[in-house]
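*Asks:* Attaching a single structure in structure tokens format; questions to follow.
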Amino acid sequence: YCRAHNIALRPHIKTHKIPEIARLQLENGAIGITAAKLGEAELMTDSGVEDILLAYPIVGAQKTSRLVALARRARITVALDSPEAVTGISDSAAHDGMNVGILVEIDVGMRRCGVEDEGAAIRLAQMIRSLPGVTFRGLMFYPGHLLTCKDDRQVQRDMVIAKLQKTQFAFEREGI
């Protein structure tokens, strides 16, 4: 399906956490993998996976140091939603002469993580673009709440689409 629709697949390994399965996913067309935690990403890198998205922010000097060490061995991208997370990653990466890709996460209704609106997303993207050691690679969202709604799924889906379109247009207006 992904090949037929020109979709880049990056499966989340949190359910299996098995390097052999991740390799099979990559051999069958996945462009990389998604991990929840640094330990998972380190395990996958140790087994040869070279492109990893960390789906949750990395915060704190010890974790950002591990992240930068990981970035020496693989193409790493981190999804985040706060200036504090960006600053910490930027400081560690720039200090070590490395670069980490960043996705700004948008909350599309699940209320778990992500910035609230397109203005906050633009401010965070501009911050990322201004800092050393980090590169803005795009936006991320997770509409997990659509999995549990039954009666109003189409309404909820339309709200997600509307928010994404509003964000896209705002980014285009800003030239990002």
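Labels used: A, B, ... for chains in the order of the structure tokens, numbers from 1 for residues in each chain, and numbers from 1 for ligands as shown.
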Taking 3 positions as the minimum chain separation for residues in the same chain, which residues sit within 6 Å of region 102-113 of chain A when counting only C-alpha atoms? Answer as a short mmCIF file (atom, residue, chain, number, x, y, z; two decimals) with N, CA, C and O atoms, in the first residue's frame.

*Replies:*
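Result file is selection_11.cif:
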```
data_model
loop_
_atom_site.label_atom_id
_atom_site.label_comp_id
_atom_site.auth_asym_id
_atom_site.auth_seq_id
_atom_site.Cartn_x
_atom_site.Cartn_y
_atom_site.Cartn_z
N THR A 77 16.27 11.72 14.35
CA THR A 77 15.29 12.81 14.36
C THR A 77 14.49 12.67 15.64
O THR A 77 14.14 11.55 16.05
N VAL A 78 14.20 13.80 16.28
CA VAL A 78 13.44 13.79 17.53
C VAL A 78 12.19 14.65 17.35
O VAL A 78 12.26 15.77 16.85
N ALA A 79 11.05 14.11 17.76
CA ALA A 79 9.81 14.89 17.78
C ALA A 79 9.71 15.55 19.15
O ALA A 79 9.98 14.92 20.18
N LEU A 80 9.37 16.84 19.15
CA LEU A 80 9.25 17.54 20.43
C LEU A 80 8.26 18.67 20.33
O LEU A 80 7.76 19.00 19.25
N ASP A 81 7.98 19.28 21.48
CA ASP A 81 6.97 20.32 21.52
C ASP A 81 7.28 21.45 22.50
O ASP A 81 6.39 22.18 22.91
N GLU A 116 -0.15 23.48 20.83
CA GLU A 116 -1.60 23.67 20.71
C GLU A 116 -2.06 24.20 19.36
O GLU A 116 -3.12 23.84 18.89
N THR A 135 18.34 20.76 13.24
CA THR A 135 17.79 21.10 11.94
C THR A 135 16.29 20.82 11.95
O THR A 135 15.87 19.71 12.33
N PHE A 136 15.51 21.80 11.54
CA PHE A 136 14.07 21.61 11.44
C PHE A 136 13.78 20.70 10.25
O PHE A 136 14.15 21.00 9.12
N ARG A 137 13.13 19.57 10.51
CA ARG A 137 12.83 18.61 9.43
C ARG A 137 11.35 18.50 9.12
O ARG A 137 10.97 17.74 8.25
N GLY A 138 10.51 19.21 9.85
CA GLY A 138 9.09 19.15 9.52
C GLY A 138 8.21 19.05 10.74
O GLY A 138 8.61 19.36 11.86
N LEU A 139 6.99 18.60 10.48
CA LEU A 139 5.96 18.52 11.50
C LEU A 139 5.55 17.06 11.72
O LEU A 139 5.69 16.23 10.83
N MET A 140 5.04 16.80 12.89
CA MET A 140 4.55 15.47 13.23
C MET A 140 3.25 15.62 13.99
O MET A 140 3.05 16.60 14.71
N PHE A 141 2.38 14.65 13.81
CA PHE A 141 1.15 14.61 14.59
C PHE A 141 0.74 13.16 14.77
O PHE A 141 1.13 12.29 13.99
N HIS A 145 -6.48 9.58 19.07
CA HIS A 145 -7.84 9.66 19.59
C HIS A 145 -8.87 9.16 18.57
O HIS A 145 -9.97 8.77 18.94
N VAL A 160 -9.15 17.16 12.56
CA VAL A 160 -7.71 16.94 12.41
C VAL A 160 -7.24 17.51 11.07
O VAL A 160 -6.25 18.25 11.01
#
```

*Asks:* Using DSSP on the backbone coordinates, identify the residues of region 34-153 of chain A assigned to strand (DSSP E or B); present them as a ChimeraX atom specification.

*Replies:* /A:34-35,51-54,75-80,100-106,115,134-141

*Asks:* Write out as a list of chain:residue names each polymer residue whose atoms come within 12 Å of Gln62 (chain A), counting only C-alpha atoms; drop sequence neighbours fewer than 3 positions from it.

*Replies:*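 Selected residues are A:Leu38, A:Ile58, A:Val59, A:Ser65, A:Arg66, A:Leu67, A:Val68, A:Ala69, A:Gly88, A:Ile89, A:Ser92.
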
*Asks:* Just asking: which residues within region 21-144 of chain A are alpha helix (DSSP H) according to DSSP, as an NGL selection string?

*Replies:* :A and (21-27 or 38-46 or 61-71 or 83-95 or 118-130)

*Asks:* Extract, using only C-alpha atoms, all DNA, RNA and protein residues at most 8 Å from region 127-132 of chain A, discarding same-chain residues fewer than 6 positions from it, and format them as a PyMOL selection string.

*Replies:* chain A and resi 83+86-87+90-91+93-94+99+102

*Asks:* Quick one: of A:His95, A:Val115, A:Gly60, A:Arg75, who's nearest to Ala41 (chain A), counting only C-alpha atoms?

*Replies:*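 Looking at the shortest contact to Ala41 (chain A), the residue is A:Arg75.
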
*Asks:* Just the residues within 12 Å of Gly175 (chain A), please, counting only C-alpha atoms, with nothing from its chain fewer than 2 positions along; format it as a list of chain:residue names.

*Replies:*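 Contacts, in chain order: A:Ile122, A:Ala125, A:Gln126, A:Gln168, A:Phe169, A:Ala170, A:Phe171, A:Glu172, A:Arg173.
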
*Asks:* Any chance you can output those residues with N, CA, C and O atoms as a compact mmCIF listing (two decimals), in the first residue's frame?

*Replies:*
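Dumped everything to part.txt:
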```
# COMPACT_ATOMS: atom_id res chain seq x y z
N ILE A 122 4.95 27.46 14.61
CA ILE A 122 5.83 28.34 13.83
C ILE A 122 6.93 28.91 14.72
O ILE A 122 8.10 28.91 14.33
N ALA A 125 9.45 26.18 15.31
CA ALA A 125 10.22 25.91 14.09
C ALA A 125 11.24 27.02 13.84
O ALA A 125 12.39 26.74 13.48
N GLN A 126 10.85 28.26 14.05
CA GLN A 126 11.78 29.38 13.86
C GLN A 126 12.92 29.30 14.87
O GLN A 126 14.08 29.57 14.54
N GLN A 168 -0.45 24.05 7.82
CA GLN A 168 0.30 24.06 6.56
C GLN A 168 0.26 25.44 5.92
O GLN A 168 1.29 25.96 5.48
N PHE A 169 -0.90 26.04 5.85
CA PHE A 169 -1.02 27.37 5.24
C PHE A 169 -0.23 28.41 6.02
O PHE A 169 0.41 29.28 5.44
N ALA A 170 -0.24 28.32 7.33
CA ALA A 170 0.51 29.26 8.17
C ALA A 170 2.01 29.11 7.91
O ALA A 170 2.74 30.11 7.80
N PHE A 171 2.49 27.88 7.81
CA PHE A 171 3.91 27.65 7.52
C PHE A 171 4.27 28.17 6.13
O PHE A 171 5.34 28.76 5.95
N GLU A 172 3.40 27.95 5.17
CA GLU A 172 3.66 28.46 3.82
C GLU A 172 3.73 29.98 3.82
O GLU A 172 4.60 30.56 3.16
N ARG A 173 2.83 30.64 4.55
CA ARG A 173 2.85 32.11 4.64
C ARG A 173 4.14 32.61 5.23
O ARG A 173 4.65 33.68 4.85
```

*Asks:* Between CA of Met44 (chain A) and CA of Gly144 (chain A), what is the spacing in Å?

*Replies:* 24.7 Å

*Asks:* What is the CA of Lys166 (chain A) to CA of Gly32 (chain A) distance in Å?

*Replies:* 28.4 Å

*Asks:* Which residue is closest to Tyr56 (chain A)? Choose from A:Pro11, A:Gly114, A:Pro143, A:Gly119 and count only C-alpha atoms.

*Replies:* A:Gly114

*Asks:* Neighbours of Ile33 (chain A) within 8 Å (only C-alpha atoms; same-chain residues fewer than 3 positions away dropped), as a list in words?

*Replies:*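 Selected residues are Arg10, Pro11, His12, Ile13, Ala22, Leu26, Ala30, Val49, Asp51, Ile52 and Leu53 of chain A.
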
*Asks:* Emit the selected residues as a PDB file, in the first residue's frame, including C-alpha atoms.

*Replies:*
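So out-v2.pdb came out as:
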```
ATOM      1  CA  ARG A  10       8.600   4.328   9.423  1.00  0.00           C
ATOM      2  CA  PRO A  11       7.092   1.640  11.700  1.00  0.00           C
ATOM      3  CA  HIS A  12       7.109   2.050  15.460  1.00  0.00           C
ATOM      4  CA  ILE A  13       9.110  -0.728  17.109  1.00  0.00           C
ATOM      5  CA  ALA A  22      13.128  -4.131  12.448  1.00  0.00           C
ATOM      6  CA  LEU A  26      13.604  -2.203   6.513  1.00  0.00           C
ATOM      7  CA  ALA A  30      10.480   0.882   5.538  1.00  0.00           C
ATOM      8  CA  VAL A  49      19.488   0.434  11.931  1.00  0.00           C
ATOM      9  CA  ASP A  51      17.588   5.993  10.475  1.00  0.00           C
ATOM     10  CA  ILE A  52      15.584   6.470  13.669  1.00  0.00           C
ATOM     11  CA  LEU A  53      12.807   8.792  14.757  1.00  0.00           C
TER      12      LEU A  53
END
```

*Asks:* Rank A:Ser47, A:Asp158, A:Lys150, A:Thr64 by their smallest atom-to-atom distance to Pro19 (chain A), using only C-alpha atoms, and report the top residue only.

*Replies:* A:Ser47

*Asks:* Between CA of Ile161 (chain A) and CA of Ala8 (chain A), measure the distance and give it in Å to one decimal.

*Replies:*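 Here the two named atoms are 19.4 Å from each other.
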